[in-house]
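A quick write-up on the structure given underneath.
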Amino acid sequence: MLKQKNSHKILNSTLLAATAVTTGAVVTTSTVHADEATPTATAQKQVTPEEQVAQKKNDNNQQLSDLKQQQTTTENQAAQANANKLTELQASNDAKTKALDQQLQDETNIANQQASDAYAQKNAEVRQSEQAQAATENNAYQSQVTAQTKANDQAAANQQQANDQKLDEAAKNIVTPEQKQNQIDSATKSTQQSLDQAKADHESTINKLNDQLTNDLKQNAQQEQTAKNDLKQPSQTDKQKQLTDAQNAVNNAQSKANDAQNALSDAKNTLNANQNALAQAQDAQKDHVVNAIKLPAGYIDAWKEYVNTKEKDDFLVTESTYPDVFKKLEALDKQALRLSAYHPDTEAAKVPVVLNSNGTLSRNDIIKATQYAASLINPIREAIGVTPYKITNASIDVAQDVANEYRKDNWNTWNNSHDGEALSRVAEKWNTDLVSESWAGDGSFGAAYEQDKDGYFVHNYNNLTLDDLYHGVHNAIVMLLFKDADQGYGHATDILGVRAANSDLTVAGDNLGVSFEYGKGMKAWGQTNVGGFHFNSISDASSKHIQRLVKEGYIVDAADPNAKVNQSGYRDEIAIPGNTSQKQIADLQAKVSQAQNQVDQLTKTANAASQTLNDAKAKLANLQKSITDAENSYQQQLAAINTKFSDQAAKLQADHDAKIKAENTAYQAHVDQLNRDLQTKIDAIKAQPENTDQLKAQLDQKLTQVKQDGQHKLDQLKQAHKARLQKIQQDAEDTLAAYKANLDKTAQAKIAKAKADHDASVKALNDNYTQLKNQLDAQQAKLVSDDQAQYNALATKLNGELTALKNQVLPKTSDHQTAQNKQVVAGNTDTVALDNFGKTTVVLPRVTSDINGEKPESVKFLPQTGNEKNSFAIIALGAFTAMFGMNLVSRKRKF
């Protein structure tokens, strides 16, 4: 089966535009003066009321000027007195500060002088002690020198005596060269024997140490292997199966947990959606107003008759096509207009409505306008048997887009009917067949009361409230329903949804959006800032009408699930207040409760699945840890064995190497010592004198050495003495330095305390000055404030007297007088009223245009007669234009 569109739109319906009943008004000013008597030459000029008012204004201004001058003088005198007090206190503070500065300088000098005197006294004491210690040291040193000199002399005498004795025995101490050689040969032979024995012993020790290392390393390797043999490695086969089973359990638990979590997430989304819908319904109920469209008996039956008898694809009720229904509705309209007056909503009057910069409503206010409109219209639709309007995010956004597009085109709907291009652009954007529209010119929302310089009545959209918005929507609906006879009830069939009956057209009318826009400075019909309400609707894919068209083979864009209007979020409904709001809220509360129970149950299921998953994961983790721990334990024990015996082998090798090294060192030292001893013996042998001269020279050398040793000892005593004297001097310097540092610290502490006391005293003086200044400034400010309050009170009193005088002497017209002076124009007493400005307002007969949007007929004015020149101004109060649109769909061809 193939569905084909010959074009996106096979046929666009004629965009029906009409201008509904327009009430115009002519304002004229007529002031009638009584004949005035001519004053006599002696009569005094009578003071006019205007002159009395002007004199009162002058008297008031003079009183206020005198009071202000008196107050200024008093304030200036007080300010000068305050300045004198501050100057006097500042001079006193300066003198006290100078005295405090001198006191601080004196205390600083005293502290420094005390420290200097104390240091001088301490210096004298330390220097006296230093001199005494130096004298004691000099005496001790002199005694040591005397004793050492005596000892030196005695040692030299003893050596001289020994030398003399050896010279006397010279024959015994002289050795021949042959004797020396024999002694050297004997000593060399003995030493060589000792060297040979030492080498043999050394080699024997080295061999024993090497053998011991070999045996120890072999035994260490055997012990290592035994330890490794005793260590059992964990089996991998059984552990792998356990791991596989545990991992499968985790996977199964994860799958169930995911399923449970997904189900819980879906349930939470459902709960959230229901809660949002409930909140919207409750908010909508809060905003619900008491107004309703009251219908006369027979109104619903008339529309039911039309639905039951309407021709296929018809959408109008005219006198020629449905004469009986048309006459019934035309007669019922008058009663409905009287029944459907708007009653102000005091709560809504507290809520501000601020239009966007382009003259459109905010999205939130579009929602409120749409909710209010649906609450008024849906009871009528339901009574007729038509599915009530729904509100979706898409229908609200479509309405907002329509208003924005009208403003982008700077479209004057009052003069140009619908902006078809704008409606088409919005329909294309939302992928729907059409955006239907009924439009009503604003007469209540931004009501026009003031005229501009050109005589145009200006619509004012500042300081509006939700009550103003409800009023505008209410009156627009009333006009669309009950002022639509000359439009063939095209707007009524649109907003009442009766077009869909017996129709193969996509007539929209399912989901509603009500927006508003006006053109700043845009003029039409004697008004400026003209605008109006857009009642836009789109088709709902789930509606019975659209489902029937799809079933019968029509191609309907609005039924396409991929269309923007059917995307998630856009198709979500917004609650509608009204007679069914309580049931709607109750149903939503039941859905919320059911969804909450589902969430609670699925939460338990998800928690249980999560716990099972956690248990499986924990079991897997414990098993993995057990296997890892066992393997790690094995590897650790194996590593410990390797480390232990490796360390033992290294230690055995190190001990062996140390022993070898020690043995080599000892052997070499022994060899070196034997060689040194031999050399010493040879040197001693060679040094033996061979004659008396050699003996005497050796003995003289010994005597010289003894004298040198004695002088060395005296030099050491002198150096030690000098060091002790330097220490005595350094100790004195250190003592004085420490004492001076302590003195300086004490002096600085005293100076710091004096400085702190000084600063505190200066701060107290400054604080006293600041406190007095603040006090005087406060007194001055209070004086100025009291003077201003006195001035304001007098101004208020005088203004009240002036207002009372104006009310007394100037003429005014009360509502009662208005009623009494009501005039008759063209035989209709209901068309004329006298306003509070003393001007006669003549309300014109209604002006209409035909269904093709022709301009209204020329207006004829009825002038008033008076003593002064006539003036005329036209006002289009309550001007109203209603329009509507629709579209057809292509029929599917089967082949």
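In the structure tokens, chains take the letters A, B, ... in the order shown, each chain's residues start at 1, and ligands count up from 1 in the order shown.
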
Tell me, as a PyMOL selection string, which residues lie within 9 Å of Asn502 (chain A), counting only C-alpha atoms; anything in the same chain fewer than 2 positions away does not count.
-> chain A and resi 307-308+310-314+499-500+504

Output for the residues just chosen: N, CA and C atoms as a PDB file, in the first residue's frame:
```
ATOM      1  N   VAL A 307     -24.580  20.668  15.011  1.00  0.00           N
ATOM      2  CA  VAL A 307     -23.675  19.526  14.854  1.00  0.00           C
ATOM      3  C   VAL A 307     -24.400  18.362  14.177  1.00  0.00           C
ATOM      4  N   ASN A 308     -25.644  18.155  14.574  1.00  0.00           N
ATOM      5  CA  ASN A 308     -26.384  17.004  14.040  1.00  0.00           C
ATOM      6  C   ASN A 308     -26.855  17.216  12.603  1.00  0.00           C
ATOM      7  N   LYS A 310     -25.237  19.598  10.297  1.00  0.00           N
ATOM      8  CA  LYS A 310     -24.282  20.313   9.450  1.00  0.00           C
ATOM      9  C   LYS A 310     -23.883  19.489   8.235  1.00  0.00           C
ATOM     10  N   GLU A 311     -23.675  20.189   7.146  1.00  0.00           N
ATOM     11  CA  GLU A 311     -23.226  19.562   5.920  1.00  0.00           C
ATOM     12  C   GLU A 311     -21.763  19.141   6.062  1.00  0.00           C
ATOM     13  N   LYS A 312     -21.339  18.197   5.232  1.00  0.00           N
ATOM     14  CA  LYS A 312     -19.973  17.685   5.276  1.00  0.00           C
ATOM     15  C   LYS A 312     -18.986  18.825   5.011  1.00  0.00           C
ATOM     16  N   ASP A 313     -17.990  18.905   5.816  1.00  0.00           N
ATOM     17  CA  ASP A 313     -16.885  19.862   5.708  1.00  0.00           C
ATOM     18  C   ASP A 313     -17.333  21.315   5.858  1.00  0.00           C
ATOM     19  N   ASP A 314     -18.563  21.526   6.367  1.00  0.00           N
ATOM     20  CA  ASP A 314     -19.024  22.887   6.574  1.00  0.00           C
ATOM     21  C   ASP A 314     -18.407  23.419   7.879  1.00  0.00           C
ATOM     22  N   ARG A 499     -16.519  22.210  14.276  1.00  0.00           N
ATOM     23  CA  ARG A 499     -16.179  22.035  12.864  1.00  0.00           C
ATOM     24  C   ARG A 499     -15.841  20.583  12.530  1.00  0.00           C
ATOM     25  N   ALA A 500     -15.236  19.886  13.516  1.00  0.00           N
ATOM     26  CA  ALA A 500     -14.727  18.545  13.226  1.00  0.00           C
ATOM     27  C   ALA A 500     -15.853  17.555  12.913  1.00  0.00           C
ATOM     28  N   ASP A 504     -13.925  16.021   6.795  1.00  0.00           N
ATOM     29  CA  ASP A 504     -12.696  15.349   6.396  1.00  0.00           C
ATOM     30  C   ASP A 504     -11.527  16.337   6.365  1.00  0.00           C
TER      31      ASP A 504
END
```

Which of region 211-333 of chain A counts as alpha helix (DSSP H) under DSSP, as number ranges by chain please?
-> A: 211-230, 236-287, 299-309, 323-333

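Taking CA of Ile477 (chain A) and CA of Lys429 (chain A) as endpoints, the distance between them is 27.6 Å.
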
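Of the residues listed (A:Gln527, A:Leu361, A:Lys328, A:Asp540), A:Leu361 shows the shortest atom-to-atom separation from Leu464 (chain A); distances use only C-alpha atoms.
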
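Among the candidates A:Lys617, A:Lys218, A:Lys180, A:Lys727, the one nearest to Lys686 (chain A) when counting only C-alpha atoms is A:Lys180.
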
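The protein and nucleic acid residues lying at most 9 Å from Asn291 (chain A) are Ser340, Ala341, Tyr342, His343, Pro344, Asp345, Leu376 and His474 of chain A, with only C-alpha atoms considered and sequence neighbours fewer than 6 positions away removed.
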
I need the residues from that last selection saved to file as a PDB file, in the first residue's frame (with all heavy atoms), if you can.
```pdb
ATOM      1  N   SER A 340     -22.830  37.426  30.732  1.00  0.00           N
ATOM      2  CA  SER A 340     -21.401  37.095  30.795  1.00  0.00           C
ATOM      3  C   SER A 340     -20.520  38.298  31.088  1.00  0.00           C
ATOM      4  O   SER A 340     -19.469  38.485  30.479  1.00  0.00           O
ATOM      5  CB  SER A 340     -20.964  36.434  29.482  1.00  0.00           C
ATOM      6  OG  SER A 340     -21.656  35.232  29.278  1.00  0.00           O
ATOM      7  N   ALA A 341     -20.938  39.155  32.015  1.00  0.00           N
ATOM      8  CA  ALA A 341     -20.088  40.281  32.406  1.00  0.00           C
ATOM      9  C   ALA A 341     -18.889  39.769  33.212  1.00  0.00           C
ATOM     10  O   ALA A 341     -18.986  38.779  33.943  1.00  0.00           O
ATOM     11  CB  ALA A 341     -20.891  41.286  33.232  1.00  0.00           C
ATOM     12  N   TYR A 342     -17.766  40.439  33.073  1.00  0.00           N
ATOM     13  CA  TYR A 342     -16.543  40.039  33.794  1.00  0.00           C
ATOM     14  C   TYR A 342     -16.561  40.613  35.204  1.00  0.00           C
ATOM     15  O   TYR A 342     -16.916  41.771  35.429  1.00  0.00           O
ATOM     16  CB  TYR A 342     -15.301  40.545  33.064  1.00  0.00           C
ATOM     17  CG  TYR A 342     -14.025  40.186  33.779  1.00  0.00           C
ATOM     18  CD1 TYR A 342     -13.495  38.904  33.685  1.00  0.00           C
ATOM     19  CD2 TYR A 342     -13.352  41.115  34.561  1.00  0.00           C
ATOM     20  CE1 TYR A 342     -12.327  38.560  34.345  1.00  0.00           C
ATOM     21  CE2 TYR A 342     -12.185  40.782  35.229  1.00  0.00           C
ATOM     22  CZ  TYR A 342     -11.669  39.499  35.122  1.00  0.00           C
ATOM     23  OH  TYR A 342     -10.520  39.153  35.781  1.00  0.00           O
ATOM     24  N   HIS A 343     -16.193  39.766  36.171  1.00  0.00           N
ATOM     25  CA  HIS A 343     -16.099  40.192  37.564  1.00  0.00           C
ATOM     26  C   HIS A 343     -14.625  40.240  37.960  1.00  0.00           C
ATOM     27  O   HIS A 343     -13.906  39.248  37.806  1.00  0.00           O
ATOM     28  CB  HIS A 343     -16.844  39.212  38.470  1.00  0.00           C
ATOM     29  CG  HIS A 343     -18.289  39.075  38.120  1.00  0.00           C
ATOM     30  ND1 HIS A 343     -19.223  40.052  38.380  1.00  0.00           N
ATOM     31  CD2 HIS A 343     -18.961  38.052  37.501  1.00  0.00           C
ATOM     32  CE1 HIS A 343     -20.410  39.650  37.944  1.00  0.00           C
ATOM     33  NE2 HIS A 343     -20.281  38.444  37.398  1.00  0.00           N
ATOM     34  N   PRO A 344     -14.138  41.375  38.467  1.00  0.00           N
ATOM     35  CA  PRO A 344     -12.706  41.504  38.803  1.00  0.00           C
ATOM     36  C   PRO A 344     -12.263  40.442  39.807  1.00  0.00           C
ATOM     37  O   PRO A 344     -13.017  40.064  40.709  1.00  0.00           O
ATOM     38  CB  PRO A 344     -12.605  42.913  39.400  1.00  0.00           C
ATOM     39  CG  PRO A 344     -13.766  43.652  38.810  1.00  0.00           C
ATOM     40  CD  PRO A 344     -14.876  42.640  38.678  1.00  0.00           C
ATOM     41  N   ASP A 345     -11.044  39.971  39.633  1.00  0.00           N
ATOM     42  CA  ASP A 345     -10.439  38.954  40.502  1.00  0.00           C
ATOM     43  C   ASP A 345      -9.387  39.661  41.366  1.00  0.00           C
ATOM     44  O   ASP A 345      -8.322  40.058  40.890  1.00  0.00           O
ATOM     45  CB  ASP A 345      -9.778  37.866  39.647  1.00  0.00           C
ATOM     46  CG  ASP A 345      -9.280  36.702  40.480  1.00  0.00           C
ATOM     47  OD1 ASP A 345      -9.006  36.904  41.674  1.00  0.00           O
ATOM     48  OD2 ASP A 345      -9.155  35.594  39.934  1.00  0.00           O
ATOM     49  N   LEU A 376     -12.904  28.636  30.586  1.00  0.00           N
ATOM     50  CA  LEU A 376     -14.180  29.252  30.197  1.00  0.00           C
ATOM     51  C   LEU A 376     -14.849  28.504  29.048  1.00  0.00           C
ATOM     52  O   LEU A 376     -16.080  28.378  29.003  1.00  0.00           O
ATOM     53  CB  LEU A 376     -13.935  30.711  29.783  1.00  0.00           C
ATOM     54  CG  LEU A 376     -13.421  31.667  30.865  1.00  0.00           C
ATOM     55  CD1 LEU A 376     -13.163  33.046  30.260  1.00  0.00           C
ATOM     56  CD2 LEU A 376     -14.399  31.772  32.023  1.00  0.00           C
ATOM     57  N   HIS A 474     -11.411  37.143  28.686  1.00  0.00           N
ATOM     58  CA  HIS A 474     -12.848  36.920  28.891  1.00  0.00           C
ATOM     59  C   HIS A 474     -13.666  37.679  27.844  1.00  0.00           C
ATOM     60  O   HIS A 474     -14.539  37.101  27.176  1.00  0.00           O
ATOM     61  CB  HIS A 474     -13.219  37.371  30.304  1.00  0.00           C
ATOM     62  CG  HIS A 474     -14.685  37.242  30.618  1.00  0.00           C
ATOM     63  ND1 HIS A 474     -15.607  38.197  30.249  1.00  0.00           N
ATOM     64  CD2 HIS A 474     -15.386  36.272  31.263  1.00  0.00           C
ATOM     65  CE1 HIS A 474     -16.805  37.817  30.648  1.00  0.00           C
ATOM     66  NE2 HIS A 474     -16.707  36.656  31.267  1.00  0.00           N
TER      67      HIS A 474
END
```

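Pairwise distance (CA of Thr392 (chain A), CA of Arg571 (chain A)) equals 5.6 Å.
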